[in-house]
Amino acid sequence: MEKYPYNHYHSLNFPNKNEIFGLAIFSRFPILSSRKVPYESSYNGSFITELDVNGKNVTLINNHLESNKLSEEERNNYYQMTKEMDTQSIDAFTQTLTKRLTPAFKERATQAQIISDIIKNEENPYIIVCGDFNDTPISYARHKIKGNLRDAFVDSGFGLGITYNKYRFLFRIDYIMHSENIKSYNCEVGDLKNSDHYPLWCYLQFR
C-alpha cells in the first residue's frame, strides 16, 4: 500500500451481507473526487474518479457491468457440454442460456448508454474507462462505451486477450479504454489465478 497511498472504495449491494463487495481504486496520484454512476443494479456498479496526474486532470470510470446471472449448476453444465460436445445437449443448453442471458444483455445495454453519455459530456480532456464489462469485444455494451475511445488491448496487446478463466468461458470481457490524447503500451493479460478473471494491465502515456 505504500506504492498506492491514495485509494477510494464504493460498496455495492451483495446477497451475502457477511461479505464486503464493491469497486475500488488504488492510486499513486491524488484523488480529487469520486462518485457513483446512478444506475440500478443488484450487485454491480460503476464510479467516476477524478485524478491529478502530474498536474493534469484525468477522469477514470471504473465499471462492473451487469453479470450474466448463470447459476453454479448452469456453469458446470456448460463446462461438461464443452467436454462431451453432444449435439442434443448443446441445443438444450443453448435455449436455457438464451433465456438466462437476455435480461442481463438488456440491463448492460442501459448501463452502457449511461456510461456513454457520461463520456460524451465529460469536460476533462483525459479519460480512462476500465473494468469488467461482462461482455465480449463484439457486444453492444463494449461498442457503445468505446465510442471514440481507444481499446488498449487492440492497440498494444497481442493474441486473444482472454480474461475470464473458469468453466471454459474463454472470452475477453475486461477492458482498458482511453481517450485519443493518451497512448497505451504493452497491454497484457496476466496469469495470476487468485480470481476467476486474469488481470489486465498496460502502460498509459499522455501524447
# chains A, B, ... in the order shown; residues from 1 in each chain; ligands from 1
>>> residues_around(residues="segment 97-105 of chain A", least_positions_apart="5", cutoff="8 Å", atoms="only C-alpha atoms", output="VMD selection string")
chain A and resid 66 to 70
>>> residues_around(residues="Asn165 of chain A", least_positions_apart="4", cutoff="12 Å", atoms="only C-alpha atoms", output="PyMOL selection string")
chain A and resi 79+161+169-174+189-199
>>> select_by_dssp(residues="segment 30-161 of chain A", states="strand (DSSP E or B)", output="count of residues only")
33
>>> closest_residue(among="A:Ile31, A:Leu160, A:Val37, A:Ala24", to="Glu50 of chain A", atoms="only C-alpha atoms")
A:Ile31
>>> residues_around(residues="Ile61 of chain A", least_positions_apart="5", cutoff="7 Å", atoms="only C-alpha atoms", output="list in words")
Ser46, Phe47, Ile48, Thr49, Ile128, Val129 and Cys130 of chain A
>>> select_by_dssp(residues="segment 47-181 of chain A", states="helix (DSSP H, G or I)", output="count of residues only")
60
>>> atom_distance(atom1="atom CA of Gly45 of chain A", atom2="atom CA of Asp155 of chain A")
26.6 Å
>>> closest_residue(among="A:Glu40, A:Glu180, A:Asp52, A:Glu2", to="Pro125 of chain A", atoms="only C-alpha atoms")
A:Glu180
>>> residues_around(residues="Val58 of chain A", least_positions_apart="3", cutoff="12 Å", atoms="only C-alpha atoms", output="ChimeraX atom specification")
/A:29-34,48-55,61,122-129,178-179,181-182,204-206
>>> write_last_selection(atoms="N, CA and C atoms", output="PDB file, in the first residue's frame")
ATOM      1  N   PHE A  29      -1.519   8.658  -7.568  1.00  0.00           N
ATOM      2  CA  PHE A  29      -1.809  10.067  -7.802  1.00  0.00           C
ATOM      3  C   PHE A  29      -2.997  10.506  -6.959  1.00  0.00           C
ATOM      4  N   PRO A  30      -3.011  11.771  -6.545  1.00  0.00           N
ATOM      5  CA  PRO A  30      -4.095  12.257  -5.675  1.00  0.00           C
ATOM      6  C   PRO A  30      -5.469  12.103  -6.314  1.00  0.00           C
ATOM      7  N   ILE A  31      -6.436  11.693  -5.490  1.00  0.00           N
ATOM      8  CA  ILE A  31      -7.831  11.580  -5.908  1.00  0.00           C
ATOM      9  C   ILE A  31      -8.546  12.881  -5.558  1.00  0.00           C
ATOM     10  N   LEU A  32      -9.048  13.574  -6.561  1.00  0.00           N
ATOM     11  CA  LEU A  32      -9.711  14.861  -6.351  1.00  0.00           C
ATOM     12  C   LEU A  32     -11.190  14.678  -5.982  1.00  0.00           C
ATOM     13  N   SER A  33     -11.827  13.694  -6.585  1.00  0.00           N
ATOM     14  CA  SER A  33     -13.246  13.432  -6.292  1.00  0.00           C
ATOM     15  C   SER A  33     -13.594  12.026  -6.745  1.00  0.00           C
ATOM     16  N   SER A  34     -14.678  11.494  -6.212  1.00  0.00           N
ATOM     17  CA  SER A  34     -15.136  10.171  -6.619  1.00  0.00           C
ATOM     18  C   SER A  34     -16.627  10.048  -6.331  1.00  0.00           C
ATOM     19  N   ILE A  48     -17.034   7.140 -10.934  1.00  0.00           N
ATOM     20  CA  ILE A  48     -16.188   8.108 -11.642  1.00  0.00           C
ATOM     21  C   ILE A  48     -15.231   8.739 -10.651  1.00  0.00           C
ATOM     22  N   THR A  49     -13.959   8.703 -10.973  1.00  0.00           N
ATOM     23  CA  THR A  49     -12.937   9.302 -10.116  1.00  0.00           C
ATOM     24  C   THR A  49     -12.142  10.318 -10.921  1.00  0.00           C
ATOM     25  N   GLU A  50     -11.899  11.463 -10.312  1.00  0.00           N
ATOM     26  CA  GLU A  50     -11.042  12.467 -10.944  1.00  0.00           C
ATOM     27  C   GLU A  50      -9.684  12.428 -10.254  1.00  0.00           C
ATOM     28  N   LEU A  51      -8.633  12.284 -11.059  1.00  0.00           N
ATOM     29  CA  LEU A  51      -7.270  12.174 -10.551  1.00  0.00           C
ATOM     30  C   LEU A  51      -6.428  13.366 -10.988  1.00  0.00           C
ATOM     31  N   ASP A  52      -5.497  13.747 -10.143  1.00  0.00           N
ATOM     32  CA  ASP A  52      -4.486  14.749 -10.505  1.00  0.00           C
ATOM     33  C   ASP A  52      -3.220  13.990 -10.860  1.00  0.00           C
ATOM     34  N   VAL A  53      -2.957  13.827 -12.159  1.00  0.00           N
ATOM     35  CA  VAL A  53      -1.791  13.085 -12.621  1.00  0.00           C
ATOM     36  C   VAL A  53      -0.745  14.089 -13.108  1.00  0.00           C
ATOM     37  N   ASN A  54       0.167  14.411 -12.220  1.00  0.00           N
ATOM     38  CA  ASN A  54       1.242  15.362 -12.551  1.00  0.00           C
ATOM     39  C   ASN A  54       0.702  16.667 -13.116  1.00  0.00           C
ATOM     40  N   GLY A  55      -0.361  17.178 -12.479  1.00  0.00           N
ATOM     41  CA  GLY A  55      -0.924  18.458 -12.878  1.00  0.00           C
ATOM     42  C   GLY A  55      -2.010  18.377 -13.928  1.00  0.00           C
ATOM     43  N   ILE A  61     -13.245   6.087 -15.173  1.00  0.00           N
ATOM     44  CA  ILE A  61     -14.546   5.458 -14.950  1.00  0.00           C
ATOM     45  C   ILE A  61     -14.324   3.958 -14.797  1.00  0.00           C
ATOM     46  N   GLU A 122     -18.196  14.580 -20.681  1.00  0.00           N
ATOM     47  CA  GLU A 122     -17.078  14.814 -19.769  1.00  0.00           C
ATOM     48  C   GLU A 122     -16.238  16.006 -20.225  1.00  0.00           C
ATOM     49  N   GLU A 123     -15.943  16.906 -19.301  1.00  0.00           N
ATOM     50  CA  GLU A 123     -15.181  18.112 -19.629  1.00  0.00           C
ATOM     51  C   GLU A 123     -13.670  17.892 -19.548  1.00  0.00           C
ATOM     52  N   ASN A 124     -13.215  16.981 -18.721  1.00  0.00           N
ATOM     53  CA  ASN A 124     -11.782  16.694 -18.664  1.00  0.00           C
ATOM     54  C   ASN A 124     -11.308  16.132 -20.000  1.00  0.00           C
ATOM     55  N   PRO A 125     -10.168  16.588 -20.511  1.00  0.00           N
ATOM     56  CA  PRO A 125      -9.708  16.096 -21.811  1.00  0.00           C
ATOM     57  C   PRO A 125      -9.175  14.669 -21.765  1.00  0.00           C
ATOM     58  N   TYR A 126      -8.719  14.220 -20.580  1.00  0.00           N
ATOM     59  CA  TYR A 126      -8.129  12.884 -20.468  1.00  0.00           C
ATOM     60  C   TYR A 126      -9.112  11.937 -19.777  1.00  0.00           C
ATOM     61  N   ILE A 127      -9.425  10.843 -20.467  1.00  0.00           N
ATOM     62  CA  ILE A 127     -10.432   9.904 -19.962  1.00  0.00           C
ATOM     63  C   ILE A 127      -9.885   8.482 -20.031  1.00  0.00           C
ATOM     64  N   ILE A 128     -10.082   7.728 -18.957  1.00  0.00           N
ATOM     65  CA  ILE A 128      -9.768   6.298 -18.922  1.00  0.00           C
ATOM     66  C   ILE A 128     -11.024   5.563 -18.458  1.00  0.00           C
ATOM     67  N   VAL A 129     -11.402   4.532 -19.194  1.00  0.00           N
ATOM     68  CA  VAL A 129     -12.559   3.713 -18.834  1.00  0.00           C
ATOM     69  C   VAL A 129     -12.084   2.271 -18.740  1.00  0.00           C
ATOM     70  N   HIS A 178      -9.248   4.396 -23.424  1.00  0.00           N
ATOM     71  CA  HIS A 178      -8.756   5.736 -23.096  1.00  0.00           C
ATOM     72  C   HIS A 178      -8.991   6.684 -24.262  1.00  0.00           C
ATOM     73  N   SER A 179      -8.942   7.964 -23.954  1.00  0.00           N
ATOM     74  CA  SER A 179      -9.153   8.998 -24.975  1.00  0.00           C
ATOM     75  C   SER A 179      -7.972   9.025 -25.949  1.00  0.00           C
ATOM     76  N   ASN A 181      -5.964  11.275 -26.751  1.00  0.00           N
ATOM     77  CA  ASN A 181      -4.767  12.010 -26.338  1.00  0.00           C
ATOM     78  C   ASN A 181      -3.904  11.219 -25.355  1.00  0.00           C
ATOM     79  N   ILE A 182      -4.205   9.935 -25.203  1.00  0.00           N
ATOM     80  CA  ILE A 182      -3.401   9.020 -24.394  1.00  0.00           C
ATOM     81  C   ILE A 182      -2.965   7.867 -25.293  1.00  0.00           C
ATOM     82  N   LEU A 204       0.182   3.652 -19.738  1.00  0.00           N
ATOM     83  CA  LEU A 204      -0.505   4.735 -20.451  1.00  0.00           C
ATOM     84  C   LEU A 204       0.359   5.990 -20.385  1.00  0.00           C
ATOM     85  N   GLN A 205       0.447   6.681 -21.517  1.00  0.00           N
ATOM     86  CA  GLN A 205       1.282   7.885 -21.596  1.00  0.00           C
ATOM     87  C   GLN A 205       0.489   9.011 -22.261  1.00  0.00           C
ATOM     88  N   PHE A 206       0.572  10.214 -21.691  1.00  0.00           N
ATOM     89  CA  PHE A 206      -0.032  11.371 -22.347  1.00  0.00           C
ATOM     90  C   PHE A 206       0.683  11.623 -23.669  1.00  0.00           C
TER      91      PHE A 206
END
>>> closest_residue(among="A:Lys120, A:Asp132, A:Asn44, A:Lys36", to="Leu149 of chain A", atoms="only C-alpha atoms")
A:Lys120
>>> closest_residue(among="A:Tyr203, A:Phe153, A:Phe133, A:Tyr39", to="Asn63 of chain A", atoms="only C-alpha atoms")
A:Phe133
>>> closest_residue(among="A:Ala109, A:Ile138, A:Met177, A:Ala152", to="Asn62 of chain A", atoms="only C-alpha atoms")
A:Met177
>>> closest_residue(among="A:Phe21, A:Tyr43, A:Tyr140, A:Tyr9", to="Leu65 of chain A", atoms="only C-alpha atoms")
A:Tyr43
>>> residues_around(residues="Pro5 of chain A", least_positions_apart="2", cutoff="7 Å", atoms="only C-alpha atoms", output="NGL selection string")
:A and (1-3 or 7 or 27-28)
>>> write_last_selection(atoms="N, CA and C atoms", output="compact mmCIF listing (two decimals), in the first residue's frame")
# COMPACT_ATOMS: atom_id res chain seq x y z
N MET A 1 0.81 -1.21 0.00
CA MET A 1 0.00 0.00 0.00
C MET A 1 0.85 1.27 0.00
N GLU A 2 2.13 1.15 0.34
CA GLU A 2 3.00 2.32 0.30
C GLU A 2 3.13 2.86 -1.12
N LYS A 3 3.02 1.98 -2.12
CA LYS A 3 3.14 2.41 -3.52
C LYS A 3 1.88 3.12 -4.00
N ASN A 7 -6.53 5.98 -2.17
CA ASN A 7 -7.48 4.92 -2.51
C ASN A 7 -8.89 5.35 -2.15
N SER A 27 -4.25 4.26 -6.09
CA SER A 27 -3.58 5.19 -7.00
C SER A 27 -2.30 5.76 -6.40
N ARG A 28 -1.35 6.04 -7.27
CA ARG A 28 -0.15 6.78 -6.88
C ARG A 28 -0.39 8.29 -6.97
